[in-house]
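Taking it in order: structure first as structure tokens, then the write-up.
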Amino acid sequence: MTDSMASLLPVALEAAALAHDLILTRVPGAVTAKGDRDMASEVDYAVERAVRDHLRELTPSIAFLGEEEGRTGPAESGLTWIADPVDGTANFVHGIPLCGFSLGLARDDTPVLGVIDLPFLGARYFAAQGAGAYLGDRRIRASTATSLTDAIVAIGDYAVGPDADNARRLALTGLLASRVQRVRMLGSAALDLAWAAEGRLDASLTLSNNPWDMTAGAAIAREAGAGVHDARGAPYTLAADSIIVTAPGLTAQVRELLAEAPPPA
């Protein structure tokens with residue numbers, strides 16, 4: 001990790017503290033529809049604006065991409081902050097505590113830093129390239145599982161929208177159900193990736209890729225020693241169509257299982 005990257009982690013942690021306080025102290029408020037069964041709350045917008053302003057003041061040369069209001073700032077440095085102000089908004093709106101704030105930093109298409117704050121669980125995960133992954137002051141490592149029959153595996157949400165095709169997701173769910181110890185759908189990609197980094201989950205499989213959902217978690221999981229790839233087995237980048245995070249001892253088995261699922265539509 002370069003000195004410049006190291007210096008940016010405190011900035012990201014300060015942004016996470018801002019988000020943490022807003023999520024804990026505000027009710028969701030009015031909900032804005034973003035399409036079929038997709039939504040943003042008033043808190044989503046408030047967090048994104050507060051974090052964007054904070055980062056613009058402290059790192060004006062770095063671009064910013066937020067889920068709700070898009071991209072701002074210069075592109076010359078090749079660095080972009082990428083934020084999901086409330087990952088798991090549906091959970092948040094329904095009072096389910098499995099939701100949180102995700103802020104990653106990407107150099108071009110590669111995640112290099114991440115912070116995930118889960119306010120209702122009192123957990124803050126962070127990592128920077130070459131510096132390890134942490135939950136608070138404790139270093140974390142991916143699971144040591146070596147058999148799918150012993151594995152707890154999370155799968156990402158099913159797709160919504162008029163053109164949603166869940167055939168591959170449903171097939172993958174069936175394959176997992178027949179082989180792993182348990183399948184979980186938790187409703188927050190950031191939480192899935194953080195828990196895979198910590199070893200609470202043995203794998204996390206998501207057959208979609210929005211950069212605001214994945215950048216922070218990909219950086220944290222890699223630093224925790226997990227395998228972080230796309231569904232084809234290539235190293236994960238923001239240009240991927242999926243993100244597959246596995247305990248190192250499960251990577252080959254998960255790849256074989258994915259090969260049995262129908263190809264993408």
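Residue names in the structure tokens use chain letters A, B, ... in the order shown, residue numbers from 1 in each chain, and ligand numbers from 1 in the order shown.
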| strand (DSSP E or B) residues, from DSSP on the backbone, in stretch 61-247 of chain A, as a PyMOL selection string | chain A and resi 63-66+70-72+79-87+100-107+110-118+123-128+133-135+138-139+152-155+182-184+203-206+227-229+235+243-246
Considering only C-alpha atoms, give me a table of residues in stretch 92-208 of chain A that are at most 12 Å from stretch 64-82 of chain A, with the closest atom pair and distance in Å for each, as a tab-separated table.
```
residue	atom	partner	partner_atom	distance
A:Phe101	CA	A:Ile82	CA	11.0
A:Ser102	CA	A:Ile82	CA	8.1
A:Leu103	CA	A:Ile82	CA	5.7
A:Gly104	CA	A:Ile82	CA	5.1
A:Leu105	CA	A:Trp81	CA	4.5
A:Ala106	CA	A:Thr80	CA	5.3
A:Arg107	CA	A:Leu79	CA	4.6
A:Asp108	CA	A:Gly78	CA	5.3
A:Asp109	CA	A:Gly78	CA	9.0
A:Thr110	CA	A:Leu79	CA	9.5
A:Pro111	CA	A:Thr80	CA	9.5
A:Val112	CA	A:Leu79	CA	9.5
A:Leu113	CA	A:Trp81	CA	9.2
A:Gly114	CA	A:Ile82	CA	9.3
A:Val115	CA	A:Ile82	CA	10.6
A:Ile116	CA	A:Ile82	CA	11.8
```
Take the residues that were just selected and, keeping all heavy atoms, output them as a short mmCIF file (atom, residue, chain, number, x, y, z; two decimals), in the first residue's frame.
```
data_model
loop_
_atom_site.label_atom_id
_atom_site.label_comp_id
_atom_site.auth_asym_id
_atom_site.auth_seq_id
_atom_site.Cartn_x
_atom_site.Cartn_y
_atom_site.Cartn_z
N PHE A 101 -23.70 1.10 5.82
CA PHE A 101 -23.03 2.06 4.94
C PHE A 101 -21.80 1.40 4.33
O PHE A 101 -21.04 0.72 5.02
CB PHE A 101 -22.61 3.28 5.75
CG PHE A 101 -21.70 4.23 5.03
CD1 PHE A 101 -22.18 5.02 3.99
CD2 PHE A 101 -20.36 4.34 5.39
CE1 PHE A 101 -21.34 5.90 3.31
CE2 PHE A 101 -19.52 5.22 4.73
CZ PHE A 101 -20.01 6.00 3.69
N SER A 102 -21.61 1.62 3.03
CA SER A 102 -20.48 1.04 2.32
C SER A 102 -19.75 2.12 1.54
O SER A 102 -20.36 2.84 0.74
CB SER A 102 -20.98 -0.06 1.36
OG SER A 102 -19.92 -0.63 0.63
N LEU A 103 -18.46 2.26 1.78
CA LEU A 103 -17.63 3.24 1.06
C LEU A 103 -16.35 2.57 0.61
O LEU A 103 -15.56 2.08 1.43
CB LEU A 103 -17.30 4.43 1.96
CG LEU A 103 -16.36 5.48 1.33
CD1 LEU A 103 -17.03 6.17 0.14
CD2 LEU A 103 -15.94 6.51 2.38
N GLY A 104 -16.16 2.51 -0.69
CA GLY A 104 -14.94 1.95 -1.24
C GLY A 104 -14.17 2.98 -2.03
O GLY A 104 -14.70 4.03 -2.41
N LEU A 105 -12.91 2.69 -2.25
CA LEU A 105 -12.07 3.50 -3.12
C LEU A 105 -11.54 2.58 -4.21
O LEU A 105 -11.01 1.50 -3.92
CB LEU A 105 -10.91 4.12 -2.34
CG LEU A 105 -9.97 5.02 -3.15
CD1 LEU A 105 -10.67 6.31 -3.57
CD2 LEU A 105 -8.70 5.33 -2.35
N ALA A 106 -11.70 3.00 -5.45
CA ALA A 106 -11.21 2.22 -6.58
C ALA A 106 -10.15 3.00 -7.32
O ALA A 106 -10.27 4.22 -7.51
CB ALA A 106 -12.36 1.88 -7.53
N ARG A 107 -9.11 2.30 -7.72
CA ARG A 107 -8.15 2.85 -8.68
C ARG A 107 -8.49 2.23 -10.02
O ARG A 107 -8.35 1.04 -10.21
CB ARG A 107 -6.71 2.52 -8.27
CG ARG A 107 -5.69 3.05 -9.30
CD ARG A 107 -4.28 2.63 -8.99
NE ARG A 107 -3.71 3.38 -7.89
CZ ARG A 107 -3.26 2.85 -6.77
NH1 ARG A 107 -3.36 1.55 -6.58
NH2 ARG A 107 -2.73 3.60 -5.81
N ASP A 108 -8.98 3.06 -10.93
CA ASP A 108 -9.54 2.57 -12.19
C ASP A 108 -10.65 1.56 -11.85
O ASP A 108 -11.62 1.93 -11.22
CB ASP A 108 -8.45 1.99 -13.08
CG ASP A 108 -7.40 3.05 -13.43
OD1 ASP A 108 -7.77 4.22 -13.66
OD2 ASP A 108 -6.20 2.71 -13.44
N ASP A 109 -10.51 0.28 -12.21
CA ASP A 109 -11.56 -0.70 -11.94
C ASP A 109 -11.24 -1.61 -10.76
O ASP A 109 -11.94 -2.61 -10.55
CB ASP A 109 -11.80 -1.58 -13.18
CG ASP A 109 -12.67 -0.90 -14.22
OD1 ASP A 109 -13.39 0.06 -13.86
OD2 ASP A 109 -12.64 -1.32 -15.39
N THR A 110 -10.21 -1.28 -9.99
CA THR A 110 -9.75 -2.17 -8.93
C THR A 110 -10.04 -1.60 -7.55
O THR A 110 -9.57 -0.49 -7.23
CB THR A 110 -8.24 -2.44 -9.06
OG1 THR A 110 -7.98 -3.02 -10.34
CG2 THR A 110 -7.76 -3.38 -7.97
N PRO A 111 -10.78 -2.30 -6.70
CA PRO A 111 -10.99 -1.83 -5.33
C PRO A 111 -9.67 -1.86 -4.54
O PRO A 111 -8.95 -2.87 -4.56
CB PRO A 111 -11.98 -2.85 -4.75
CG PRO A 111 -12.64 -3.46 -5.94
CD PRO A 111 -11.58 -3.51 -6.99
N VAL A 112 -9.36 -0.77 -3.86
CA VAL A 112 -8.10 -0.69 -3.11
C VAL A 112 -8.30 -0.33 -1.64
O VAL A 112 -7.34 -0.39 -0.86
CB VAL A 112 -7.12 0.31 -3.76
CG1 VAL A 112 -6.69 -0.19 -5.13
CG2 VAL A 112 -7.72 1.71 -3.86
N LEU A 113 -9.51 0.03 -1.26
CA LEU A 113 -9.78 0.43 0.11
C LEU A 113 -11.27 0.28 0.36
O LEU A 113 -12.08 0.49 -0.56
CB LEU A 113 -9.34 1.88 0.33
CG LEU A 113 -9.54 2.55 1.69
CD1 LEU A 113 -8.49 3.65 1.88
CD2 LEU A 113 -10.92 3.15 1.85
N GLY A 114 -11.64 -0.06 1.58
CA GLY A 114 -13.07 -0.18 1.88
C GLY A 114 -13.39 0.00 3.35
O GLY A 114 -12.59 -0.37 4.22
N VAL A 115 -14.55 0.57 3.61
CA VAL A 115 -15.11 0.67 4.95
C VAL A 115 -16.58 0.28 4.87
O VAL A 115 -17.32 0.78 4.01
CB VAL A 115 -14.99 2.09 5.53
CG1 VAL A 115 -15.64 2.15 6.92
CG2 VAL A 115 -13.54 2.54 5.61
N ILE A 116 -17.00 -0.64 5.73
CA ILE A 116 -18.40 -1.02 5.84
C ILE A 116 -18.81 -0.84 7.29
O ILE A 116 -18.20 -1.42 8.20
CB ILE A 116 -18.64 -2.48 5.40
CG1 ILE A 116 -18.41 -2.61 3.89
CG2 ILE A 116 -20.05 -2.95 5.77
CD1 ILE A 116 -18.43 -4.05 3.39
#
```
| task | Using DSSP on the backbone, list every residue of stretch 7-207 of chain A that comes out as helix (DSSP H, G or I), and give them as a PyMOL selection string. | result | chain A and resi 7-25+42-58+89-93+119-121+148-150+167-177+189-198
Identify, on the basis of only C-alpha atoms, every residue whose closest approach to A:Val254 does not exceed 9 Å; exclude the query and any residue fewer than 6 positions from it along the same chain; express the result as a PDB file with all heavy atoms, in the first residue's frame.
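This is the output file selection-v9.pdb:
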```pdb
ATOM      1  N   LEU A 148     -17.950 -27.968   1.205  1.00  0.00           N
ATOM      2  CA  LEU A 148     -19.237 -27.296   1.043  1.00  0.00           C
ATOM      3  C   LEU A 148     -20.275 -27.813   2.029  1.00  0.00           C
ATOM      4  O   LEU A 148     -21.166 -27.067   2.446  1.00  0.00           O
ATOM      5  CB  LEU A 148     -19.748 -27.478  -0.389  1.00  0.00           C
ATOM      6  CG  LEU A 148     -19.121 -26.597  -1.469  1.00  0.00           C
ATOM      7  CD1 LEU A 148     -19.691 -26.951  -2.839  1.00  0.00           C
ATOM      8  CD2 LEU A 148     -19.324 -25.122  -1.172  1.00  0.00           C
ATOM      9  N   ALA A 203     -18.923 -18.408   2.162  1.00  0.00           N
ATOM     10  CA  ALA A 203     -18.927 -17.913   0.784  1.00  0.00           C
ATOM     11  C   ALA A 203     -20.106 -16.967   0.611  1.00  0.00           C
ATOM     12  O   ALA A 203     -21.110 -17.059   1.321  1.00  0.00           O
ATOM     13  CB  ALA A 203     -19.018 -19.055  -0.226  1.00  0.00           C
ATOM     14  N   ILE A 244     -18.043 -13.297  -6.522  1.00  0.00           N
ATOM     15  CA  ILE A 244     -18.041 -14.561  -5.803  1.00  0.00           C
ATOM     16  C   ILE A 244     -16.909 -14.496  -4.788  1.00  0.00           C
ATOM     17  O   ILE A 244     -15.733 -14.419  -5.160  1.00  0.00           O
ATOM     18  CB  ILE A 244     -17.823 -15.753  -6.762  1.00  0.00           C
ATOM     19  CG1 ILE A 244     -18.796 -15.679  -7.954  1.00  0.00           C
ATOM     20  CG2 ILE A 244     -17.940 -17.057  -6.007  1.00  0.00           C
ATOM     21  CD1 ILE A 244     -20.255 -15.749  -7.602  1.00  0.00           C
ATOM     22  N   THR A 246     -15.119 -16.371  -1.547  1.00  0.00           N
ATOM     23  CA  THR A 246     -15.065 -17.712  -0.980  1.00  0.00           C
ATOM     24  C   THR A 246     -13.922 -17.835   0.018  1.00  0.00           C
ATOM     25  O   THR A 246     -12.876 -17.198  -0.113  1.00  0.00           O
ATOM     26  CB  THR A 246     -14.831 -18.768  -2.079  1.00  0.00           C
ATOM     27  OG1 THR A 246     -13.648 -18.425  -2.823  1.00  0.00           O
ATOM     28  CG2 THR A 246     -16.009 -18.842  -3.034  1.00  0.00           C
TER      29      THR A 246
END
```
Residues near A:Leu191, anyone? I mean within 10 Å using only C-alpha atoms, not counting same-chain ones fewer than 2 positions away, as a short mmCIF file (atom, residue, chain, number, x, y, z; two decimals) with N, CA and C atoms, in the first residue's frame.
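Written file, part-v4.cif:
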```
data_model
loop_
_atom_site.label_atom_id
_atom_site.label_comp_id
_atom_site.auth_asym_id
_atom_site.auth_seq_id
_atom_site.Cartn_x
_atom_site.Cartn_y
_atom_site.Cartn_z
N ASP A 87 -26.90 0.43 2.36
CA ASP A 87 -26.97 -0.83 1.63
C ASP A 87 -27.95 -1.74 2.37
N GLY A 88 -28.98 -2.16 1.65
CA GLY A 88 -30.07 -2.90 2.27
C GLY A 88 -31.20 -1.97 2.68
N LEU A 98 -30.20 -5.62 9.38
CA LEU A 98 -29.16 -6.08 8.47
C LEU A 98 -29.02 -5.09 7.31
N CYS A 99 -28.36 -3.98 7.60
CA CYS A 99 -28.16 -2.92 6.61
C CYS A 99 -27.00 -2.07 7.09
N GLY A 100 -26.46 -1.25 6.18
CA GLY A 100 -25.34 -0.42 6.61
C GLY A 100 -24.80 0.46 5.51
N PHE A 101 -23.70 1.10 5.82
CA PHE A 101 -23.03 2.06 4.94
C PHE A 101 -21.80 1.40 4.33
N SER A 102 -21.61 1.62 3.03
CA SER A 102 -20.48 1.04 2.32
C SER A 102 -19.75 2.12 1.54
N ILE A 116 -17.00 -0.64 5.73
CA ILE A 116 -18.40 -1.02 5.84
C ILE A 116 -18.81 -0.84 7.29
N ASP A 117 -19.83 -0.02 7.52
CA ASP A 117 -20.33 0.23 8.86
C ASP A 117 -21.74 -0.34 8.97
N LEU A 118 -21.95 -1.19 9.97
CA LEU A 118 -23.26 -1.78 10.24
C LEU A 118 -23.78 -1.19 11.54
N TYR A 125 -16.09 -2.49 9.67
CA TYR A 125 -15.03 -3.22 8.98
C TYR A 125 -14.26 -2.26 8.09
N LEU A 186 -29.52 -12.50 2.97
CA LEU A 186 -29.56 -11.55 4.07
C LEU A 186 -30.02 -10.16 3.65
N GLY A 187 -30.01 -9.86 2.36
CA GLY A 187 -30.57 -8.60 1.88
C GLY A 187 -29.63 -7.42 1.87
N SER A 188 -28.34 -7.64 2.11
CA SER A 188 -27.35 -6.56 2.05
C SER A 188 -26.05 -7.12 1.52
N ALA A 189 -25.65 -6.67 0.35
CA ALA A 189 -24.40 -7.15 -0.24
C ALA A 189 -23.20 -6.77 0.62
N LEU A 193 -20.48 -9.45 2.20
CA LEU A 193 -19.04 -9.42 1.93
C LEU A 193 -18.24 -9.23 3.21
N ALA A 194 -18.73 -8.39 4.11
CA ALA A 194 -18.03 -8.20 5.38
C ALA A 194 -18.02 -9.48 6.19
N TRP A 195 -19.14 -10.19 6.22
CA TRP A 195 -19.19 -11.43 6.99
C TRP A 195 -18.38 -12.53 6.33
N ALA A 196 -18.28 -12.52 5.00
CA ALA A 196 -17.39 -13.48 4.34
C ALA A 196 -15.92 -13.15 4.66
N ALA A 197 -15.59 -11.87 4.74
CA ALA A 197 -14.24 -11.48 5.11
C ALA A 197 -13.91 -11.90 6.53
N SER A 204 -19.96 -16.07 -0.35
CA SER A 204 -21.02 -15.14 -0.73
C SER A 204 -21.07 -15.09 -2.25
N ASP A 213 -22.34 -1.32 -4.33
CA ASP A 213 -22.59 -2.45 -3.43
C ASP A 213 -21.32 -3.21 -3.09
N GLY A 217 -16.59 -3.98 0.03
CA GLY A 217 -16.53 -5.36 0.47
C GLY A 217 -15.48 -6.18 -0.25
#
```
| So which residues touch stretch 9-24 of chain A within 6 Å, counting only C-alpha atoms, skipping near sequence neighbours fewer than 2 positions away, as a PyMOL selection string? | chain A and resi 6-7+26+47+51+119
Taking C-alpha atoms for each residue, export the selection above as a JSON list (two decimals), in the first residue's frame.
```
[["chain", "number", "residue", "atom", "x", "y", "z"],
["A", 6, "ALA", "CA", -2.65, 4.74, 3.80],
["A", 7, "SER", "CA", -3.46, 8.37, 4.39],
["A", 26, "ARG", "CA", -33.07, 9.30, 11.72],
["A", 47, "VAL", "CA", -26.08, 10.15, 4.07],
["A", 51, "VAL", "CA", -20.42, 11.87, 2.81],
["A", 119, "PRO", "CA", -24.78, 0.70, 12.69]]
```
